[in-house]
file run14.pdb (PDB, N, CA and C atoms, pLDDT in the B column)
ATOM      1  N   MET J   1      80.522  77.121 108.975  1.00 44.00           N
ATOM      2  CA  MET J   1      81.153  78.327 108.484  1.00 44.00           C
ATOM      3  C   MET J   1      80.145  79.427 108.160  1.00 44.00           C
ATOM      4  N   PRO J   2      78.888  79.116 107.787  1.00 53.00           N
ATOM      5  CA  PRO J   2      77.939  80.196 107.504  1.00 53.00           C
ATOM      6  C   PRO J   2      77.742  81.133 108.685  1.00 53.00           C
ATOM      7  N   ALA J   3      77.845  80.622 109.915  1.00 53.00           N
ATOM      8  CA  ALA J   3      77.662  81.494 111.076  1.00 53.00           C
ATOM      9  C   ALA J   3      78.742  82.573 111.101  1.00 53.00           C
ATOM     10  N   GLY J   4      79.984  82.214 110.761  1.00 53.00           N
ATOM     11  CA  GLY J   4      81.057  83.194 110.710  1.00 53.00           C
ATOM     12  C   GLY J   4      80.798  84.269 109.671  1.00 53.00           C
ATOM     13  N   LYS J   5      80.267  83.855 108.525  1.00 58.00           N
ATOM     14  CA  LYS J   5      79.962  84.814 107.467  1.00 58.00           C
ATOM     15  C   LYS J   5      78.845  85.754 107.912  1.00 58.00           C
ATOM     16  N   ALA J   6      77.827  85.218 108.566  1.00 59.00           N
ATOM     17  CA  ALA J   6      76.725  86.050 109.038  1.00 59.00           C
ATOM     18  C   ALA J   6      77.238  87.086 110.042  1.00 59.00           C
ATOM     19  N   ASP J   7      78.115  86.665 110.941  1.00 62.00           N
ATOM     20  CA  ASP J   7      78.687  87.607 111.901  1.00 62.00           C
ATOM     21  C   ASP J   7      79.474  88.685 111.168  1.00 62.00           C
ATOM     22  N   SER J   8      80.226  88.297 110.157  1.00 79.00           N
ATOM     23  CA  SER J   8      81.011  89.251 109.392  1.00 79.00           C
ATOM     24  C   SER J   8      80.103  90.257 108.692  1.00 79.00           C
ATOM     25  N   ASP J   9      79.016  89.781 108.096  1.00 80.00           N
ATOM     26  CA  ASP J   9      78.067  90.675 107.437  1.00 80.00           C
ATOM     27  C   ASP J   9      77.431  91.630 108.440  1.00 80.00           C
ATOM     28  N   GLN J  10      77.083  91.109 109.606  1.00 77.00           N
ATOM     29  CA  GLN J  10      76.470  91.943 110.633  1.00 77.00           C
ATOM     30  C   GLN J  10      77.448  93.014 111.106  1.00 77.00           C
ATOM     31  N   GLU J  11      78.696  92.636 111.275  1.00 79.00           N
ATOM     32  CA  GLU J  11      79.706  93.612 111.686  1.00 79.00           C
ATOM     33  C   GLU J  11      79.842  94.707 110.643  1.00 79.00           C
ATOM     34  N   LYS J  12      79.816  94.344 109.370  1.00 74.00           N
ATOM     35  CA  LYS J  12      79.897  95.336 108.291  1.00 74.00           C
ATOM     36  C   LYS J  12      78.719  96.304 108.356  1.00 74.00           C
ATOM     37  N   LEU J  13      77.529  95.774 108.608  1.00 71.00           N
ATOM     38  CA  LEU J  13      76.348  96.626 108.687  1.00 71.00           C
ATOM     39  C   LEU J  13      76.456  97.635 109.828  1.00 71.00           C
ATOM     40  N   PHE J  14      76.970  97.191 110.961  1.00 76.00           N
ATOM     41  CA  PHE J  14      77.079  98.079 112.116  1.00 76.00           C
ATOM     42  C   PHE J  14      78.140  99.155 111.913  1.00 76.00           C
ATOM     43  N   LYS J  15      79.060  98.942 110.983  1.00 78.00           N
ATOM     44  CA  LYS J  15      80.109  99.925 110.733  1.00 78.00           C
ATOM     45  C   LYS J  15      79.688 101.005 109.738  1.00 78.00           C
ATOM     46  N   ILE J  16      78.565 100.827 109.069  1.00 80.00           N
ATOM     47  CA  ILE J  16      78.106 101.811 108.090  1.00 80.00           C
ATOM     48  C   ILE J  16      77.599 103.047 108.812  1.00 80.00           C
ATOM     49  N   GLU J  17      78.179 104.170 108.477  1.00 88.00           N
ATOM     50  CA  GLU J  17      77.736 105.432 109.087  1.00 88.00           C
ATOM     51  C   GLU J  17      76.557 105.970 108.283  1.00 88.00           C
ATOM     52  N   LEU J  18      75.454 106.232 108.964  1.00 91.00           N
ATOM     53  CA  LEU J  18      74.263 106.772 108.322  1.00 91.00           C
ATOM     54  C   LEU J  18      74.117 108.245 108.665  1.00 91.00           C
ATOM     55  N   LEU J  19      73.881 109.055 107.651  1.00 94.00           N
ATOM     56  CA  LEU J  19      73.781 110.501 107.825  1.00 94.00           C
ATOM     57  C   LEU J  19      72.361 110.976 107.547  1.00 94.00           C
ATOM     58  N   THR J  20      71.979 112.072 108.187  1.00 95.00           N
ATOM     59  CA  THR J  20      70.673 112.680 107.927  1.00 95.00           C
ATOM     60  C   THR J  20      70.750 113.517 106.656  1.00 95.00           C
ATOM     61  N   ILE J  21      69.586 113.889 106.139  1.00 95.00           N
ATOM     62  CA  ILE J  21      69.516 114.763 104.970  1.00 95.00           C
ATOM     63  C   ILE J  21      70.267 116.065 105.256  1.00 95.00           C
ATOM     64  N   GLN J  22      70.045 116.643 106.423  1.00 96.00           N
ATOM     65  CA  GLN J  22      70.694 117.913 106.777  1.00 96.00           C
ATOM     66  C   GLN J  22      72.206 117.761 106.876  1.00 96.00           C
ATOM     67  N   GLN J  23      72.684 116.678 107.450  1.00 95.00           N
ATOM     68  CA  GLN J  23      74.119 116.453 107.546  1.00 95.00           C
ATOM     69  C   GLN J  23      74.755 116.372 106.156  1.00 95.00           C
ATOM     70  N   VAL J  24      74.102 115.651 105.252  1.00 92.00           N
ATOM     71  CA  VAL J  24      74.626 115.521 103.888  1.00 92.00           C
ATOM     72  C   VAL J  24      74.615 116.878 103.189  1.00 92.00           C
ATOM     73  N   ALA J  25      73.532 117.618 103.340  1.00 93.00           N
ATOM     74  CA  ALA J  25      73.427 118.941 102.719  1.00 93.00           C
ATOM     75  C   ALA J  25      74.512 119.875 103.251  1.00 93.00           C
ATOM     76  N   ASP J  26      74.730 119.877 104.548  1.00 93.00           N
ATOM     77  CA  ASP J  26      75.765 120.716 105.147  1.00 93.00           C
ATOM     78  C   ASP J  26      77.149 120.323 104.639  1.00 93.00           C
ATOM     79  N   TRP J  27      77.408 119.031 104.574  1.00 86.00           N
ATOM     80  CA  TRP J  27      78.705 118.527 104.158  1.00 86.00           C
ATOM     81  C   TRP J  27      78.989 118.864 102.691  1.00 86.00           C
ATOM     82  N   ALA J  28      77.956 118.696 101.833  1.00 83.00           N
ATOM     83  CA  ALA J  28      78.120 118.959 100.401  1.00 83.00           C
ATOM     84  C   ALA J  28      77.936 120.434 100.060  1.00 83.00           C
ATOM     85  N   LYS J  29      77.524 121.214 101.038  1.00 87.00           N
ATOM     86  CA  LYS J  29      77.277 122.646 100.852  1.00 87.00           C
ATOM     87  C   LYS J  29      76.217 122.900  99.775  1.00 87.00           C
ATOM     88  N   VAL J  30      75.140 122.125  99.883  1.00 91.00           N
ATOM     89  CA  VAL J  30      73.973 122.280  99.014  1.00 91.00           C
ATOM     90  C   VAL J  30      72.734 122.324  99.901  1.00 91.00           C
ATOM     91  N   SER J  31      71.602 122.638  99.313  1.00 96.00           N
ATOM     92  CA  SER J  31      70.373 122.694 100.110  1.00 96.00           C
ATOM     93  C   SER J  31      69.822 121.282 100.319  1.00 96.00           C
ATOM     94  N   PRO J  32      69.027 121.101 101.375  1.00 96.00           N
ATOM     95  CA  PRO J  32      68.380 119.807 101.574  1.00 96.00           C
ATOM     96  C   PRO J  32      67.520 119.401 100.366  1.00 96.00           C
ATOM     97  N   LYS J  33      66.940 120.386  99.668  1.00 96.00           N
ATOM     98  CA  LYS J  33      66.143 120.065  98.479  1.00 96.00           C
ATOM     99  C   LYS J  33      66.984 119.358  97.424  1.00 96.00           C
ATOM    100  N   THR J  34      68.254 119.751  97.307  1.00 94.00           N
ATOM    101  CA  THR J  34      69.152 119.085  96.363  1.00 94.00           C
ATOM    102  C   THR J  34      69.343 117.624  96.749  1.00 94.00           C
ATOM    103  N   ILE J  35      69.483 117.358  98.018  1.00 93.00           N
ATOM    104  CA  ILE J  35      69.652 115.980  98.487  1.00 93.00           C
ATOM    105  C   ILE J  35      68.396 115.169  98.173  1.00 93.00           C
ATOM    106  N   TYR J  36      67.224 115.752  98.411  1.00 93.00           N
ATOM    107  CA  TYR J  36      65.980 115.048  98.077  1.00 93.00           C
ATOM    108  C   TYR J  36      65.897 114.780  96.573  1.00 93.00           C
ATOM    109  N   ARG J  37      66.373 115.713  95.752  1.00 95.00           N
ATOM    110  CA  ARG J  37      66.388 115.489  94.294  1.00 95.00           C
ATOM    111  C   ARG J  37      67.324 114.344  93.941  1.00 95.00           C
ATOM    112  N   TRP J  38      68.503 114.298  94.586  1.00 91.00           N
ATOM    113  CA  TRP J  38      69.432 113.194  94.354  1.00 91.00           C
ATOM    114  C   TRP J  38      68.767 111.863  94.691  1.00 91.00           C
ATOM    115  N   ILE J  39      67.995 111.847  95.766  1.00 92.00           N
ATOM    116  CA  ILE J  39      67.294 110.623  96.170  1.00 92.00           C
ATOM    117  C   ILE J  39      66.234 110.261  95.132  1.00 92.00           C
ATOM    118  N   GLU J  40      65.411 111.230  94.748  1.00 93.00           N
ATOM    119  CA  GLU J  40      64.322 110.984  93.799  1.00 93.00           C
ATOM    120  C   GLU J  40      64.820 110.497  92.445  1.00 93.00           C
ATOM    121  N   THR J  41      65.980 110.995  92.008  1.00 94.00           N
ATOM    122  CA  THR J  41      66.512 110.612  90.699  1.00 94.00           C
ATOM    123  C   THR J  41      67.420 109.383  90.780  1.00 94.00           C
ATOM    124  N   GLY J  42      67.595 108.838  91.967  1.00 92.00           N
ATOM    125  CA  GLY J  42      68.402 107.638  92.123  1.00 92.00           C
ATOM    126  C   GLY J  42      69.905 107.888  92.098  1.00 92.00           C
ATOM    127  N   GLN J  43      70.321 109.136  92.255  1.00 89.00           N
ATOM    128  CA  GLN J  43      71.743 109.457  92.251  1.00 89.00           C
ATOM    129  C   GLN J  43      72.439 109.036  93.532  1.00 89.00           C
ATOM    130  N   ILE J  44      71.647 108.881  94.578  1.00 91.00           N
ATOM    131  CA  ILE J  44      72.220 108.509  95.869  1.00 91.00           C
ATOM    132  C   ILE J  44      71.235 107.575  96.575  1.00 91.00           C
ATOM    133  N   PRO J  45      71.736 106.456  97.115  1.00 91.00           N
ATOM    134  CA  PRO J  45      70.820 105.531  97.802  1.00 91.00           C
ATOM    135  C   PRO J  45      70.414 106.063  99.167  1.00 91.00           C
ATOM    136  N   VAL J  46      69.289 105.595  99.619  1.00 93.00           N
ATOM    137  CA  VAL J  46      68.763 106.049 100.900  1.00 93.00           C
ATOM    138  C   VAL J  46      68.166 104.868 101.650  1.00 93.00           C
ATOM    139  N   VAL J  47      68.252 104.921 102.961  1.00 91.00           N
ATOM    140  CA  VAL J  47      67.585 103.957 103.824  1.00 91.00           C
ATOM    141  C   VAL J  47      66.416 104.702 104.432  1.00 91.00           C
ATOM    142  N   LYS J  48      65.233 104.160 104.277  1.00 91.00           N
ATOM    143  CA  LYS J  48      64.031 104.850 104.760  1.00 91.00           C
ATOM    144  C   LYS J  48      63.509 104.155 106.018  1.00 91.00           C
ATOM    145  N   PHE J  49      63.362 104.944 107.068  1.00 88.00           N
ATOM    146  CA  PHE J  49      62.790 104.466 108.324  1.00 88.00           C
ATOM    147  C   PHE J  49      61.452 105.162 108.505  1.00 88.00           C
ATOM    148  N   GLY J  50      60.366 104.474 108.349  1.00 87.00           N
ATOM    149  CA  GLY J  50      59.058 105.101 108.479  1.00 87.00           C
ATOM    150  C   GLY J  50      58.706 105.928 107.256  1.00 87.00           C
ATOM    151  N   ASN J  51      57.753 106.844 107.416  1.00 87.00           N
ATOM    152  CA  ASN J  51      57.272 107.634 106.292  1.00 87.00           C
ATOM    153  C   ASN J  51      58.146 108.824 105.931  1.00 87.00           C
ATOM    154  N   ARG J  52      58.820 109.418 106.920  1.00 85.00           N
ATOM    155  CA  ARG J  52      59.533 110.668 106.654  1.00 85.00           C
ATOM    156  C   ARG J  52      60.976 110.698 107.145  1.00 85.00           C
ATOM    157  N   THR J  53      61.495 109.582 107.553  1.00 91.00           N
ATOM    158  CA  THR J  53      62.847 109.555 108.090  1.00 91.00           C
ATOM    159  C   THR J  53      63.778 108.829 107.132  1.00 91.00           C
ATOM    160  N   TYR J  54      64.766 109.565 106.630  1.00 93.00           N
ATOM    161  CA  TYR J  54      65.736 109.023 105.694  1.00 93.00           C
ATOM    162  C   TYR J  54      67.123 109.063 106.306  1.00 93.00           C
ATOM    163  N   ARG J  55      67.936 108.084 105.938  1.00 94.00           N
ATOM    164  CA  ARG J  55      69.352 108.086 106.288  1.00 94.00           C
ATOM    165  C   ARG J  55      70.128 107.680 105.043  1.00 94.00           C
ATOM    166  N   ILE J  56      71.282 108.312 104.872  1.00 94.00           N
ATOM    167  CA  ILE J  56      72.098 108.079 103.692  1.00 94.00           C
ATOM    168  C   ILE J  56      73.446 107.535 104.140  1.00 94.00           C
ATOM    169  N   PRO J  57      73.882 106.413 103.567  1.00 92.00           N
ATOM    170  CA  PRO J  57      75.201 105.889 103.921  1.00 92.00           C
ATOM    171  C   PRO J  57      76.305 106.882 103.540  1.00 92.00           C
ATOM    172  N   ALA J  58      77.245 107.111 104.444  1.00 90.00           N
ATOM    173  CA  ALA J  58      78.322 108.071 104.198  1.00 90.00           C
ATOM    174  C   ALA J  58      79.111 107.723 102.939  1.00 90.00           C
ATOM    175  N   GLY J  59      79.325 106.439 102.709  1.00 88.00           N
ATOM    176  CA  GLY J  59      80.054 106.016 101.510  1.00 88.00           C
ATOM    177  C   GLY J  59      79.346 106.427 100.230  1.00 88.00           C
ATOM    178  N   ALA J  60      78.024 106.432 100.244  1.00 89.00           N
ATOM    179  CA  ALA J  60      77.251 106.845  99.067  1.00 89.00           C
ATOM    180  C   ALA J  60      77.424 108.339  98.805  1.00 89.00           C
ATOM    181  N   VAL J  61      77.550 109.106  99.873  1.00 85.00           N
ATOM    182  CA  VAL J  61      77.765 110.549  99.724  1.00 85.00           C
ATOM    183  C   VAL J  61      79.124 110.795  99.075  1.00 85.00           C
ATOM    184  N   ILE J  62      80.134 110.074  99.530  1.00 83.00           N
ATOM    185  CA  ILE J  62      81.470 110.226  98.961  1.00 83.00           C
ATOM    186  C   ILE J  62      81.461 109.880  97.480  1.00 83.00           C
ATOM    187  N   GLU J  63      80.793 108.794  97.115  1.00 85.00           N
ATOM    188  CA  GLU J  63      80.714 108.407  95.700  1.00 85.00           C
ATOM    189  C   GLU J  63      79.987 109.459  94.869  1.00 85.00           C
ATOM    190  N   GLN J  64      78.900 110.010  95.388  1.00 82.00           N
ATOM    191  CA  GLN J  64      78.155 111.052  94.667  1.00 82.00           C
ATOM    192  C   GLN J  64      79.026 112.289  94.459  1.00 82.00           C
ATOM    193  N   LEU J  65      79.761 112.681  95.484  1.00 78.00           N
ATOM    194  CA  LEU J  65      80.623 113.845  95.360  1.00 78.00           C
ATOM    195  C   LEU J  65      81.744 113.594  94.349  1.00 78.00           C
ATOM    196  N   ARG J  66      82.252 112.379  94.320  1.00 83.00           N
ATOM    197  CA  ARG J  66      83.281 112.045  93.319  1.00 83.00           C
ATOM    198  C   ARG J  66      82.714 112.151  91.907  1.00 83.00           C
ATOM    199  N   ARG J  67      81.518 111.621  91.710  1.00 82.00           N
ATOM    200  CA  ARG J  67      80.883 111.700  90.383  1.00 82.00           C
ATOM    201  C   ARG J  67      80.634 113.147  89.982  1.00 82.00           C
ATOM    202  N   ALA J  68      80.414 113.996  90.968  1.00 79.00           N
ATOM    203  CA  ALA J  68      80.151 115.409  90.689  1.00 79.00           C
ATOM    204  C   ALA J  68      81.431 116.218  90.510  1.00 79.00           C
ATOM    205  N   GLY J  69      82.598 115.568  90.641  1.00 80.00           N
ATOM    206  CA  GLY J  69      83.854 116.254  90.414  1.00 80.00           C
ATOM    207  C   GLY J  69      84.579 116.721  91.650  1.00 80.00           C
ATOM    208  N   TYR J  70      84.067 116.402  92.828  1.00 74.00           N
ATOM    209  CA  TYR J  70      84.701 116.850  94.060  1.00 74.00           C
ATOM    210  C   TYR J  70      86.023 116.138  94.323  1.00 74.00           C
ATOM    211  N   ASP J  71      86.252 114.977  93.683  1.00 70.00           N
ATOM    212  CA  ASP J  71      87.485 114.236  93.940  1.00 70.00           C
ATOM    213  C   ASP J  71      88.713 115.023  93.507  1.00 70.00           C
ATOM    214  N   GLN J  72      88.557 115.927  92.580  1.00 70.00           N
ATOM    215  CA  GLN J  72      89.678 116.764  92.144  1.00 70.00           C
ATOM    216  C   GLN J  72      90.170 117.653  93.280  1.00 70.00           C
ATOM    217  N   LEU J  73      89.288 117.996  94.172  1.00 62.00           N
ATOM    218  CA  LEU J  73      89.679 118.832  95.317  1.00 62.00           C
ATOM    219  C   LEU J  73      90.521 118.083  96.319  1.00 62.00           C
ATOM    220  N   MET J  74      90.425 116.758  96.315  1.00 62.00           N
ATOM    221  CA  MET J  74      91.161 115.949  97.285  1.00 62.00           C
ATOM    222  C   MET J  74      92.535 115.540  96.786  1.00 62.00           C
ATOM    223  N   GLU J  75      92.815 115.712  95.495  1.00 63.00           N
ATOM    224  CA  GLU J  75      94.103 115.321  94.946  1.00 63.00           C
ATOM    225  C   GLU J  75      95.164 116.347  95.329  1.00 63.00           C
ATOM    226  N   PRO J  76      96.395 115.903  95.567  1.00 59.00           N
ATOM    227  CA  PRO J  76      97.462 116.846  95.921  1.00 59.00           C
ATOM    228  C   PRO J  76      97.695 117.852  94.788  1.00 59.00           C
ATOM    229  N   SER J  77      97.976 119.053  95.175  1.00 55.00           N
ATOM    230  CA  SER J  77      98.208 120.113  94.203  1.00 55.00           C
ATOM    231  C   SER J  77      99.656 120.101  93.725  1.00 55.00           C
ATOM    232  N   ASP J  78      99.858 120.373  92.436  1.00 53.00           N
ATOM    233  CA  ASP J  78     101.213 120.449  91.886  1.00 53.00           C
ATOM    234  C   ASP J  78     101.838 121.817  92.167  1.00 53.00           C
ATOM    235  N   HIS J  79     101.065 122.712  92.738  1.00 47.00           N
ATOM    236  CA  HIS J  79     101.526 124.077  92.968  1.00 47.00           C
ATOM    237  C   HIS J  79     102.265 124.241  94.286  1.00 47.00           C
ATOM    238  N   GLU J  80     102.414 123.168  95.055  1.00 47.00           N
ATOM    239  CA  GLU J  80     103.073 123.286  96.367  1.00 47.00           C
ATOM    240  C   GLU J  80     104.562 123.210  96.245  1.00 47.00           C
TER     241      GLU J  80
END
call {"tool": "encode", "arguments": {"input": "run14.pdb", "output": "structure tokens"}}
result
Amino acid sequence: MPAGKADSDQEKLFKIELLTIQQVADWAKVSPKTIYRWIETGQIPVVKFGNRTYRIPAGAVIEQLRRAGYDQLMEPSDHE
């Protein structure tokens, strides 16, 4: 059964969408420097490839935006 679990874990890893610093900055409408600050302060996890290449899991971006109050924008409005 461990082989099945390993395959399941591997499938989960391949489904994780990784975003660049610029993609996250564009999506959050902030500067890339803000994203680097989030990384430095541990507000958002990062996967580091080499010395200067970072990727951020899309799910982590969503969680950061929720903590920052963006989730209120996604809730249905009572004004409709």
call {"tool": "residues_around", "arguments": {"input": "run14.pdb", "residues": "range 52-58 of chain J", "least_positions_apart": "6", "cutoff": "8 Å", "atoms": "only C-alpha atoms", "output": "list in words"}}
result
Ile16, Glu17, Leu18, Leu19, Thr20, Ile21, Val24, Ile44, Pro45 and Val46 of chain J
call {"tool": "closest_residue", "arguments": {"input": "run14.pdb", "among": "J:Leu13, J:Val47, J:Leu65, J:Ala60", "to": "Ala28 in chain J", "atoms": "only C-alpha atoms"}}
result
J:Leu65
call {"tool": "select_by_dssp", "arguments": {"input": "run14.pdb", "residues": "chain J", "states": "strand (DSSP E)", "output": "ChimeraX atom specification"}}
result
/J:18-19,47-49,53-57
call {"tool": "write_last_selection", "arguments": {"input": "run14.pdb", "atoms": "N, CA and C atoms", "output": "CSV table (one decimal), in the coordinates of the input"}}
result
chain,number,residue,atom,x,y,z
J,18,LEU,N,75.5,106.2,109.0
J,18,LEU,CA,74.3,106.8,108.3
J,18,LEU,C,74.1,108.2,108.7
J,19,LEU,N,73.9,109.1,107.7
J,19,LEU,CA,73.8,110.5,107.8
J,19,LEU,C,72.4,111.0,107.5
J,47,VAL,N,68.3,104.9,103.0
J,47,VAL,CA,67.6,104.0,103.8
J,47,VAL,C,66.4,104.7,104.4
J,48,LYS,N,65.2,104.2,104.3
J,48,LYS,CA,64.0,104.8,104.8
J,48,LYS,C,63.5,104.2,106.0
J,49,PHE,N,63.4,104.9,107.1
J,49,PHE,CA,62.8,104.5,108.3
J,49,PHE,C,61.5,105.2,108.5
J,53,THR,N,61.5,109.6,107.6
J,53,THR,CA,62.8,109.6,108.1
J,53,THR,C,63.8,108.8,107.1
J,54,TYR,N,64.8,109.6,106.6
J,54,TYR,CA,65.7,109.0,105.7
J,54,TYR,C,67.1,109.1,106.3
J,55,ARG,N,67.9,108.1,105.9
J,55,ARG,CA,69.4,108.1,106.3
J,55,ARG,C,70.1,107.7,105.0
J,56,ILE,N,71.3,108.3,104.9
J,56,ILE,CA,72.1,108.1,103.7
J,56,ILE,C,73.4,107.5,104.1
J,57,PRO,N,73.9,106.4,103.6
J,57,PRO,CA,75.2,105.9,103.9
J,57,PRO,C,76.3,106.9,103.5
call {"tool": "select_by_dssp", "arguments": {"input": "run14.pdb", "residues": "chain J", "states": "alpha helix (DSSP H)", "output": "ChimeraX atom specification"}}
result
/J:2-15,21-28,32-40,58-67,71-74
call {"tool": "atom_distance", "arguments": {"input": "run14.pdb", "atom1": "atom C of Tyr70 in chain J", "atom2": "atom C of Phe14 in chain J"}}
result
25.7 Å
